[in-house]
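These notes are about the structure you will find just below.
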Amino acid sequence: MFKRNYSYFLNFSTTTLLLFLLFPLHSIAQQKDSLTATLSGTVSDTDGQPLPYATISISNGKKSQTDISGKFILNNLSSRKYSISISLIGYETLKKDIVLANDSTLNVAFVLQPANSLNEVIVTAGRKAESLKDVPSSVTILNSREVKEQLNVNPSVTAILGNTVPGLGTSNNKATNAGQTLRGRQVLVLIDGIPQSTPLMNGSRDIRTLDPAVIERIEVIKGATSIYGNGSAGGIINFITKKAAADQALSGTSSMGISGNLAHPSNTLGYRFSQGFSGTLNKFSYVINGTYNYTGVQKDAKGNVIAQPDGLGENSLYNAFVKLAYKPNDHSEIVASYNLFRSVQNSDYVNVVGKYGVTPSVGEKGDDPGEAAGTPYNHNALIAYRNNALPLSNSLDLSAYYNGFVSMNRYVAQGTAWYGPGQTKIQSFKKGIRLTLNTPWKAGSLGNGELTYGLDLLNDRTNQVLTDGRVYIPDMNMLNVAPYAQMKFDILTNFILKAGIRYENATVKVKDFNTIARGPNGQGSIPVTGGKIPYRATTYNAGLRYNKYEIFNPFVSFSQGFAINELGRILRTATSSTLESIATDPIITNNYEAGFSSRLGILNVTAAYFISTSKLGANLVDVDGFLVPQREPEKIKGYEITADLNVSPQWSLGGSYSYTEGKAEQANGTKVYMNGLRIAPPKATAYLTYRPVSALDLKLFWVYTGSRDRFDVRANGLFANSEGDVKEVSLFNLSAGYRFSQKWSAGLGVENLLNSSYYPVVSQYRAIDAEYVRGIGATMSLNLNYSF
């Protein structure tokens with residue numbers, strides 16, 4: 001009965017929304033009064049397309065919004081000078097000063113720039129806000145509109161990034177981001193500059209640490225970066241959280257939605273609720289948001305239940321976010337924020353193991369004896385002080401933060417690395433201080449420059465234990481003091497030269513410990529004498545960009561990265577009784593890149609070629625059934641191309657292609673391909689946007705991953721862990737949005753629109769029976785939003 005009713009409900013909901021989307025009827029009448037002074041006009045985008053529901057605010061507190069034709073009017077104004085602000089989600093806020101005379105009407109036309117234009121200001125590449133066209137490296141930015149489009153399809157941040165960012169691996173449809181390396185190396189994940197990654201023991205849960213409802217934009221800086229330190233060998237993903245509207249005391253958005261499998265809907269009902277408030281009261285501003293997202297049972301295209309370890313079926317996500325700000329004056333600001341993220345799975349199904357390459361693992365009704373897997377909690381707390389008007393035009397950014405992060409793995413009845421059943425969890429607690437100073441300087445007719453310098457202080461305490469009390473990885477207590485300096489020089493206006501240096505001074509303390517027993521009565525356990533492991537390294541970066549002509553804006557760069565990566569894996573498989581004899585040298589990565597951006601009328605193109613080397617990497621290789629870090633020289637290379645074409649105000653399209661390949665050099669000089677944990681197959685993306693009317697957006701996405709066949713089966717006739725063949729996958733997703741009025745809007749998303757039966761990339765290369773799981777079938781999400 002439930003199945004029949006739910007199927008009817010999904011079909012009815014889908015049909016109803018599509019009728020609204022395809023046959024919109026909308027009209028807004030303007031009221032004209034007898035006026036003393038009147039301000040009227042239009043708001044449009046750079047293509048001349050009218051922008052409905054843009055907010056127009058003037059300094060006397062009055063507001064208006066544009067109608068369906070992009071027009072607005074403000075009546076009964078007195079004659080004087082006003083400051084006017086025009087804002088719309090997805091566009092840069094525009095501010096102007098106007099003067100109104102008695103008994104007059106002033107008509108004005110405003111053009112808003114898209115928030116993802118080449119002039120958008122970013123903040124993470126050099127620790128200071130700067131124009132994107134001045135950055136000599138590859139950068140991908142997802143603005144709030146793009147995040148919302150992807151949210152309609154799948155609310156998981158790992159899926160949003162995997163479907164959009166060139167060079168980043170696709171999502172595995174799990175609560176982890178295993179396999180989502182950036183250009184073949186681990187990425188450092190930040191939330192407003194707070195590190196989420198756990199490089200001492202990578203649990204692969206650092207990307208999925210907040211809900212998209214609190215994201216203003218996402219900045220992805222690719223390639224090693226010496227300016228941010230530990231763990232950024234592949235680049236940086238920085239989630240920038242929302243800011244309060246400057247012209248409203250109270251505003252907010254209420255959202256609710258449902259989701260479910262379209263072809264096999266029984267038990268797949270999911271739901272989502274999100275409530276946000278924001279506003280500015282004199283010198284104070286605030287943002288508050290709460291989100292709950294429940295994902296129902298997930299099924300593949302053939303109707304099989306997906307109950308993979310660390311899956312997202314029957315998953316409950318909670319996210320609470322608060323940001324408070326106080327501006328004593330126009331030049332300084334104090335910000336405090338807190339974010340709590342929790343995502344756990346309580347499933348009525350257990351994974352029935354299939355056969356790799358033959359039959360998939362599927363879910364059947366059953367009880368999991370362990371604790372709920374996922375992220376029991378991730379706490380982020382930040383307090384920051386910024387001042388851009390210090391003596392001699394200096395600016396200051398000082399922040400202190402805390403991150404408490406626990407990730408729980410799935411219970412196993414028989415461990416491979418320990419004796420008997422068990423369930424492990426990684427615990428990481430970080431606190432730190434970041435000091436950034438900026439000093440501008442002039443070099444006469446040669447140009448202007450600035451020096452950004454400061455100090456990072458980080459304490460990272462990470463371990464991995466079993467829930468029954470056994471210690472899998474001992475407590476690793478790291479203290480890192482890292483001074484840095486970054487110079488930027490605008491040579492003759494159009495050449496941007498950047499160069500920097502950073503000194504890493506880290507020490508990891510490990511107390512005496514015993515490796516975990518692999519048999520009864522402590523069999524196989526090795527006592528290891530603890531101590532201190534020092535890490536010292538100086539890393540450099542340099543880059544040059546020429547930005548005079550939009551038609552060709554080239555850059556070249558060199559940057560080094562520093563990482564104490566997978567130290568936990570090295571310690572837990574120790575075969576020596578002393579810490580000093582364990583090879584724990586850091587990974588120093590050299591990244592070379594050349595690329596360009598080009599704007600030619602309605603066409604935007606970017607391209608980059610990169611080479612990434614390290615004399616001592618940490619490639620995880622299957623040794624007797626265990627993934628063991630191999631300290632070997634590595635070389636990774638690849639390229640990325642993106643293109644966007646705005647054909648007309650109604651039509652736009654674009655796409656990207658990225659390719660990465662890497663090899664490690666063994667002790668005998670033999671060069672071998674790196675496995676799927678590090679190197680993703682080629683990826684292509686494309687989109688087609690259609691706006692038949694300004695209130696309706698339809699967007700079709702295509703995500704393609706190519707094949708990768710680099711390894712042979714071993715003597716037992718099986719592939720080693722993470723060396724399986726990968727076959728191509730081609731998927732289509734749909735996102736549609738319709739605005740009924742200035743307050744009400746709806747969104748429809750369908751993931752795997754054609755209900756294709758496929759195996760995600762991770763399921764293929766892992767070559768493990770239990771993880772050979774199909775991807776989800778056609779899944780619809782329907783969301784209703786109210787803004788005030």
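Residues in the structure tokens are numbered from 1 in each chain, the chains being A, B, ... in the order shown, and ligands are numbered from 1 in the order shown.
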Review point. Near stretch 362-370 of chain A, within 7 Å and counting only C-alpha atoms, which residues show up once chain neighbours fewer than 4 positions away are dropped, as a PyMOL selection string?
Key: chain A and resi 304-307+348-353+411+423+773
Would you write out those residues with C-alpha atoms, as a CSV table (one decimal), in the first residue's frame?
chain,number,residue,atom,x,y,z
A,304,ASN,CA,18.7,-3.5,-5.8
A,305,VAL,CA,19.2,-1.9,-2.4
A,306,ILE,CA,22.6,-0.3,-2.0
A,307,ALA,CA,23.9,-1.0,1.5
A,348,ASP,CA,17.9,-1.6,8.2
A,349,TYR,CA,20.0,-3.3,5.6
A,350,VAL,CA,23.3,-5.1,5.6
A,351,ASN,CA,25.7,-5.6,2.7
A,352,VAL,CA,25.6,-9.0,1.1
A,353,VAL,CA,28.9,-9.4,-0.6
A,411,TYR,CA,31.8,-2.5,11.9
A,423,GLN,CA,35.0,-0.9,14.5
A,773,VAL,CA,28.4,-1.8,-5.8
Point to revise | Close residues, A:Lys548 itself excluded, 8 Å, only C-alpha atoms, min 2 positions apart in chain, as a VMD selection string | key: chain A and resid 494 to 495 546 550 553
Could you save those same residues with C-alpha atoms as a PDB file, in the first residue's frame?
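Below is the file that was written, result00.pdb:
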ATOM      1  CA  ASN A 494      49.998  44.242 -16.709  1.00  0.00           C
ATOM      2  CA  PHE A 495      52.655  41.791 -15.490  1.00  0.00           C
ATOM      3  CA  TYR A 546      50.145  38.770 -18.042  1.00  0.00           C
ATOM      4  CA  GLU A 550      41.222  39.464 -22.209  1.00  0.00           C
ATOM      5  CA  ASN A 553      45.752  36.015 -20.318  1.00  0.00           C
TER       6      ASN A 553
END
**Study point:** Distance criterion (only C-alpha atoms): nearest to A:Ala485 out of A:Ile191, A:Val123, A:Ala542, A:Ile58
**Key:** A:Ala542
Check your understanding: Residues at most 10 Å from stretch 37-46 of chain A, counting only C-alpha atoms, excluding those fewer than 3 positions away in the same chain, as a PyMOL selection string?
Key -> chain A and resi 32-34+49-56+64-67+69-80+86-87+91+98-114+649
Just the selected residues (N, CA and C atoms), exported as a compact mmCIF listing (two decimals), in the first residue's frame, please.
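Produced file part-v3.txt, reproduced below:
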# COMPACT_ATOMS: atom_id res chain seq x y z
N LYS A 32 1.56 53.50 -10.40
CA LYS A 32 2.14 54.83 -10.59
C LYS A 32 1.35 55.85 -9.81
N ASP A 33 2.03 56.61 -9.05
CA ASP A 33 1.37 57.60 -8.22
C ASP A 33 1.82 59.01 -8.64
N SER A 34 1.15 59.94 -8.10
CA SER A 34 1.58 61.33 -8.25
C SER A 34 2.73 61.55 -7.29
N GLN A 49 19.92 40.82 -20.66
CA GLN A 49 18.74 40.08 -20.22
C GLN A 49 18.19 40.70 -18.93
N PRO A 50 16.88 41.06 -18.89
CA PRO A 50 16.31 41.63 -17.66
C PRO A 50 16.45 40.67 -16.48
N LEU A 51 16.67 41.25 -15.31
CA LEU A 51 16.83 40.45 -14.10
C LEU A 51 15.65 40.72 -13.16
N PRO A 52 14.71 39.78 -13.03
CA PRO A 52 13.58 39.97 -12.12
C PRO A 52 14.00 39.73 -10.67
N TYR A 53 13.29 40.39 -9.76
CA TYR A 53 13.42 40.19 -8.32
C TYR A 53 14.77 40.60 -7.76
N ALA A 54 15.47 41.48 -8.46
CA ALA A 54 16.65 42.11 -7.88
C ALA A 54 16.19 43.11 -6.82
N THR A 55 16.93 43.21 -5.73
CA THR A 55 16.57 44.12 -4.64
C THR A 55 17.26 45.46 -4.81
N ILE A 56 16.48 46.53 -4.78
CA ILE A 56 16.99 47.90 -4.87
C ILE A 56 16.79 48.55 -3.51
N SER A 64 12.78 48.32 -3.08
CA SER A 64 11.90 47.86 -4.14
C SER A 64 12.54 46.63 -4.76
N GLN A 65 11.76 45.95 -5.59
CA GLN A 65 12.29 44.82 -6.34
C GLN A 65 11.86 44.94 -7.79
N THR A 66 12.71 44.45 -8.67
CA THR A 66 12.37 44.50 -10.09
C THR A 66 11.27 43.49 -10.39
N ASP A 67 10.45 43.84 -11.39
CA ASP A 67 9.37 42.95 -11.79
C ASP A 67 9.90 41.94 -12.80
N SER A 69 10.01 42.01 -15.84
CA SER A 69 10.71 42.64 -16.96
C SER A 69 11.98 43.35 -16.51
N GLY A 70 12.36 43.19 -15.25
CA GLY A 70 13.57 43.83 -14.74
C GLY A 70 13.38 45.29 -14.39
N LYS A 71 12.13 45.77 -14.30
CA LYS A 71 11.86 47.17 -14.03
C LYS A 71 11.52 47.39 -12.55
N PHE A 72 11.77 48.60 -12.07
CA PHE A 72 11.43 48.94 -10.69
C PHE A 72 11.03 50.41 -10.62
N ILE A 73 10.37 50.80 -9.52
CA ILE A 73 10.01 52.19 -9.29
C ILE A 73 9.94 52.45 -7.80
N LEU A 74 10.45 53.59 -7.37
CA LEU A 74 10.38 54.04 -5.98
C LEU A 74 9.73 55.42 -5.97
N ASN A 75 8.61 55.54 -5.29
CA ASN A 75 7.83 56.78 -5.28
C ASN A 75 8.03 57.56 -3.98
N ASN A 76 7.51 58.81 -3.98
CA ASN A 76 7.44 59.65 -2.78
C ASN A 76 8.81 59.83 -2.12
N LEU A 77 9.79 60.16 -2.94
CA LEU A 77 11.13 60.42 -2.42
C LEU A 77 11.35 61.92 -2.34
N SER A 78 12.11 62.33 -1.35
CA SER A 78 12.46 63.74 -1.23
C SER A 78 13.66 64.04 -2.13
N SER A 79 13.88 65.30 -2.38
CA SER A 79 14.98 65.70 -3.27
C SER A 79 16.27 65.80 -2.46
N ARG A 80 17.19 64.93 -2.74
CA ARG A 80 18.51 64.96 -2.10
C ARG A 80 19.39 63.87 -2.73
N ILE A 86 22.08 47.63 -5.47
CA ILE A 86 21.30 46.65 -6.23
C ILE A 86 21.94 45.29 -6.04
N SER A 87 21.17 44.32 -5.55
CA SER A 87 21.72 43.00 -5.25
C SER A 87 20.80 41.91 -5.77
N TYR A 91 24.91 37.34 -8.48
CA TYR A 91 25.51 38.50 -9.13
C TYR A 91 26.23 39.36 -8.10
N ILE A 98 23.19 58.72 -6.38
CA ILE A 98 22.32 59.45 -7.29
C ILE A 98 21.81 60.71 -6.59
N VAL A 99 21.34 61.66 -7.39
CA VAL A 99 20.76 62.90 -6.86
C VAL A 99 19.39 63.10 -7.48
N LEU A 100 18.35 63.30 -6.63
CA LEU A 100 16.99 63.51 -7.09
C LEU A 100 16.59 64.97 -6.86
N ALA A 101 15.92 65.54 -7.86
CA ALA A 101 15.42 66.92 -7.76
C ALA A 101 13.92 66.91 -7.53
N ASN A 102 13.39 68.04 -7.04
CA ASN A 102 11.95 68.16 -6.78
C ASN A 102 11.14 67.98 -8.06
N ASP A 103 10.00 67.34 -7.90
CA ASP A 103 9.04 67.17 -9.00
C ASP A 103 9.70 66.61 -10.26
N SER A 104 10.54 65.61 -10.05
CA SER A 104 11.24 65.01 -11.19
C SER A 104 11.23 63.50 -11.10
N THR A 105 11.47 62.89 -12.22
CA THR A 105 11.62 61.43 -12.28
C THR A 105 12.97 61.11 -12.91
N LEU A 106 13.76 60.32 -12.20
CA LEU A 106 15.07 59.93 -12.70
C LEU A 106 15.01 58.46 -13.15
N ASN A 107 15.33 58.24 -14.41
CA ASN A 107 15.36 56.89 -14.95
C ASN A 107 16.81 56.43 -15.08
N VAL A 108 17.12 55.26 -14.52
CA VAL A 108 18.48 54.74 -14.54
C VAL A 108 18.47 53.29 -15.01
N ALA A 109 19.59 52.86 -15.54
CA ALA A 109 19.74 51.47 -15.98
C ALA A 109 20.98 50.89 -15.32
N PHE A 110 20.81 49.75 -14.68
CA PHE A 110 21.91 49.11 -13.98
C PHE A 110 22.23 47.76 -14.62
N VAL A 111 23.51 47.44 -14.70
CA VAL A 111 23.97 46.17 -15.25
C VAL A 111 24.76 45.44 -14.16
N LEU A 112 24.32 44.22 -13.80
CA LEU A 112 24.98 43.43 -12.77
C LEU A 112 25.95 42.44 -13.39
N GLN A 113 27.10 42.34 -12.78
CA GLN A 113 28.11 41.38 -13.24
C GLN A 113 27.86 40.02 -12.59
N PRO A 114 27.97 38.92 -13.36
CA PRO A 114 27.84 37.58 -12.75
C PRO A 114 28.88 37.39 -11.66
N PRO A 649 20.61 35.27 -24.61
CA PRO A 649 20.08 35.37 -23.25
C PRO A 649 19.33 34.11 -22.81
**Study point:** Spatial neighbours of stretch 519-529 of chain A, 6 Å, only C-alpha atoms, chain gap at least 6 places, as a PyMOL selection string
**Key:** chain A and resi 419+512-513+577-578
Mind running stretch 144-239 of chain A against stretch 611-627 of chain A at 12 Å and telling me each contacting residue's nearest atom pair with the distance in Å (one decimal), counting only C-alpha atoms, chain and number ascending, as JSON lines?
{"residue": "A:Gly179", "atom": "CA", "partner": "A:Leu620", "partner_atom": "CA", "distance": 11.9}
{"residue": "A:Leu182", "atom": "CA", "partner": "A:Ser612", "partner_atom": "CA", "distance": 11.4}
{"residue": "A:Arg183", "atom": "CA", "partner": "A:Ser612", "partner_atom": "CA", "distance": 8.5}
{"residue": "A:Gly184", "atom": "CA", "partner": "A:Ser612", "partner_atom": "CA", "distance": 8.9}
{"residue": "A:Arg185", "atom": "CA", "partner": "A:Ser612", "partner_atom": "CA", "distance": 9.0}
{"residue": "A:Gln186", "atom": "CA", "partner": "A:Ala618", "partner_atom": "CA", "distance": 10.7}
{"residue": "A:Pro199", "atom": "CA", "partner": "A:Ala618", "partner_atom": "CA", "distance": 11.8}
{"residue": "A:Asn202", "atom": "CA", "partner": "A:Leu620", "partner_atom": "CA", "distance": 11.8}
{"residue": "A:Lys222", "atom": "CA", "partner": "A:Ser612", "partner_atom": "CA", "distance": 11.2}
{"residue": "A:Gly223", "atom": "CA", "partner": "A:Ser612", "partner_atom": "CA", "distance": 7.9}
{"residue": "A:Ala224", "atom": "CA", "partner": "A:Ser612", "partner_atom": "CA", "distance": 8.1}
{"residue": "A:Thr225", "atom": "CA", "partner": "A:Ser612", "partner_atom": "CA", "distance": 11.7}
{"residue": "A:Ala233", "atom": "CA", "partner": "A:Ser612", "partner_atom": "CA", "distance": 9.1}
{"residue": "A:Gly234", "atom": "CA", "partner": "A:Ser612", "partner_atom": "CA", "distance": 8.8}
{"residue": "A:Gly235", "atom": "CA", "partner": "A:Ser612", "partner_atom": "CA", "distance": 11.4}
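The neighbours of stretch 125-140 of chain A here are the residues that come within 7 Å of it, using only C-alpha atoms and leaving out any residue fewer than 5 positions away in the same chain; they are Leu118, Asn119, Glu120, Val165, Glu219, Val220, Ile221, Lys222, Ile227, Ile496, Gly543, Leu544, Arg545, Asn547, Phe555, Val556 and Ser557 of chain A.
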Exercise for review: Return as a ChimeraX atom specification the full set of residues in stretch 124-214 of chain A whose backbone-based DSSP assignment is strand (DSSP E).
Suggested key: /A:130-131,139-142,188-191,194-195
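Taking only C-alpha atoms into account, A:Lys532 lies nearest to A:Leu479 out of the set A:Ala563, A:Ile207, A:Leu753, A:Leu479.
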Hey, which bits of stretch 129-182 of chain A sit within 12 Å of stretch 722-734 of chain A, and for each residue what's the closest pair of atoms and how far apart in Å (one decimal), counting only C-alpha atoms, rows by chain and increasing number, as a Markdown table?
| residue | atom | partner | partner_atom | distance |
| --- | --- | --- | --- | --- |
| A:Glu149 | CA | A:Leu734 | CA | 9.1 |
| A:Gln150 | CA | A:Leu734 | CA | 9.1 |
| A:Leu151 | CA | A:Leu734 | CA | 11.1 |
| A:Asn152 | CA | A:Leu734 | CA | 8.5 |
| A:Val153 | CA | A:Leu734 | CA | 6.9 |
| A:Asn154 | CA | A:Asn733 | CA | 9.6 |
| A:Ala159 | CA | A:Asn733 | CA | 11.6 |
| A:Ile160 | CA | A:Asn733 | CA | 11.6 |
| A:Asn163 | CA | A:Asn733 | CA | 9.7 |
| A:Thr164 | CA | A:Asn733 | CA | 11.9 |
| A:Thr170 | CA | A:Val729 | CA | 10.7 |
| A:Ala178 | CA | A:Ser722 | CA | 11.2 |
| A:Gly179 | CA | A:Ser722 | CA | 9.7 |
Hey, could you make a per-residue contact list for stretch 195-314 of chain A against stretch 457-478 of chain A with 8 Å as the cut-off, showing the nearest pair of atoms and its distance in Å to one decimal, counting only C-alpha atoms, sorted by chain and number, as CSV?
residue,atom,partner,partner_atom,distance
A:Thr198,CA,A:Thr462,CA,7.6
A:Leu200,CA,A:Thr462,CA,6.8
A:Met201,CA,A:Thr462,CA,7.2
Save out the residues we just selected, N, CA and C atoms, as a short mmCIF file (atom, residue, chain, number, x, y, z; two decimals), in the first residue's frame.
data_model
loop_
_atom_site.label_atom_id
_atom_site.label_comp_id
_atom_site.auth_asym_id
_atom_site.auth_seq_id
_atom_site.Cartn_x
_atom_site.Cartn_y
_atom_site.Cartn_z
N THR A 198 42.77 15.68 7.75
CA THR A 198 43.53 14.99 8.81
C THR A 198 44.72 14.28 8.16
N LEU A 200 47.67 13.54 9.11
CA LEU A 200 48.40 12.56 9.89
C LEU A 200 47.82 11.16 9.74
N MET A 201 46.50 11.09 9.55
CA MET A 201 45.82 9.84 9.21
C MET A 201 44.59 10.20 8.39
#
Practice item. Can you pull out every residue within 6 Å of stretch 687-702 of chain A, counting only C-alpha atoms, but drop anything in the same chain fewer than 4 positions away, and send it as an MDAnalysis selection string? Key: chainID A and resid 650:654 731:739
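Residue nearest A:Ile194, chosen from A:Ala643, A:Leu382, A:Val672, A:Ile570 and counting only C-alpha atoms: A:Leu382.
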**Study point:** Nearest candidate to A:Gln560 (options A:Thr575, A:Gln486, A:Asn675, A:Thr538; using only C-alpha atoms)
**Key:** A:Thr538
Check your understanding: Near A:Thr660, within 7 Å and counting only C-alpha atoms, which residues show up once chain neighbours fewer than 6 positions away are dropped, as an NGL selection string?
Key -> :A and (183-184 or 637-639 or 679-680 or 682)
What would the file look like if the residues just selected were written as a PDB file, in the first residue's frame with N, CA and C atoms?
ATOM      1  N   ARG A 183      44.246  16.387  -9.012  1.00  0.00           N
ATOM      2  CA  ARG A 183      45.449  16.230  -9.821  1.00  0.00           C
ATOM      3  C   ARG A 183      46.367  15.146  -9.257  1.00  0.00           C
ATOM      4  N   GLY A 184      45.754  14.087  -8.722  1.00  0.00           N
ATOM      5  CA  GLY A 184      46.523  12.932  -8.274  1.00  0.00           C
ATOM      6  C   GLY A 184      47.131  13.045  -6.895  1.00  0.00           C
ATOM      7  N   LYS A 637      51.482  14.102 -14.226  1.00  0.00           N
ATOM      8  CA  LYS A 637      51.294  15.172 -15.207  1.00  0.00           C
ATOM      9  C   LYS A 637      49.896  15.102 -15.791  1.00  0.00           C
ATOM     10  N   GLY A 638      49.458  16.208 -16.371  1.00  0.00           N
ATOM     11  CA  GLY A 638      48.125  16.221 -16.949  1.00  0.00           C
ATOM     12  C   GLY A 638      47.756  17.590 -17.479  1.00  0.00           C
ATOM     13  N   TYR A 639      46.525  17.714 -17.925  1.00  0.00           N
ATOM     14  CA  TYR A 639      46.047  18.978 -18.463  1.00  0.00           C
ATOM     15  C   TYR A 639      44.547  19.103 -18.242  1.00  0.00           C
ATOM     16  N   ILE A 679      45.183   8.218  -8.842  1.00  0.00           N
ATOM     17  CA  ILE A 679      44.994   8.708 -10.211  1.00  0.00           C
ATOM     18  C   ILE A 679      43.596   8.343 -10.704  1.00  0.00           C
ATOM     19  N   ALA A 680      42.812   9.357 -11.002  1.00  0.00           N
ATOM     20  CA  ALA A 680      41.460   9.162 -11.529  1.00  0.00           C
ATOM     21  C   ALA A 680      41.511   9.051 -13.046  1.00  0.00           C
ATOM     22  N   PRO A 682      40.289   9.857 -16.997  1.00  0.00           N
ATOM     23  CA  PRO A 682      39.910  11.141 -17.613  1.00  0.00           C
ATOM     24  C   PRO A 682      38.452  11.483 -17.299  1.00  0.00           C
TER      25      PRO A 682
END
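Straight-line separation from atom CA of A:Gly231 to atom CA of A:Val189: 8.8 Å.
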Point to revise | Nearest-residue call for A:Ser763, choices A:Leu210, A:Tyr271, A:Ser171, A:Lys148, using only C-alpha atoms | key: A:Ser171
Review point. At what distance in Å, to one decimal, does atom CA of A:Tyr657 lie from atom CA of A:Thr642?
Key: 6.6 Å
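Minimum atom-to-atom distance to A:Leu603, evaluated using only C-alpha atoms, belongs to A:Val647 out of A:Leu437, A:Leu567, A:Ala413, A:Val647.
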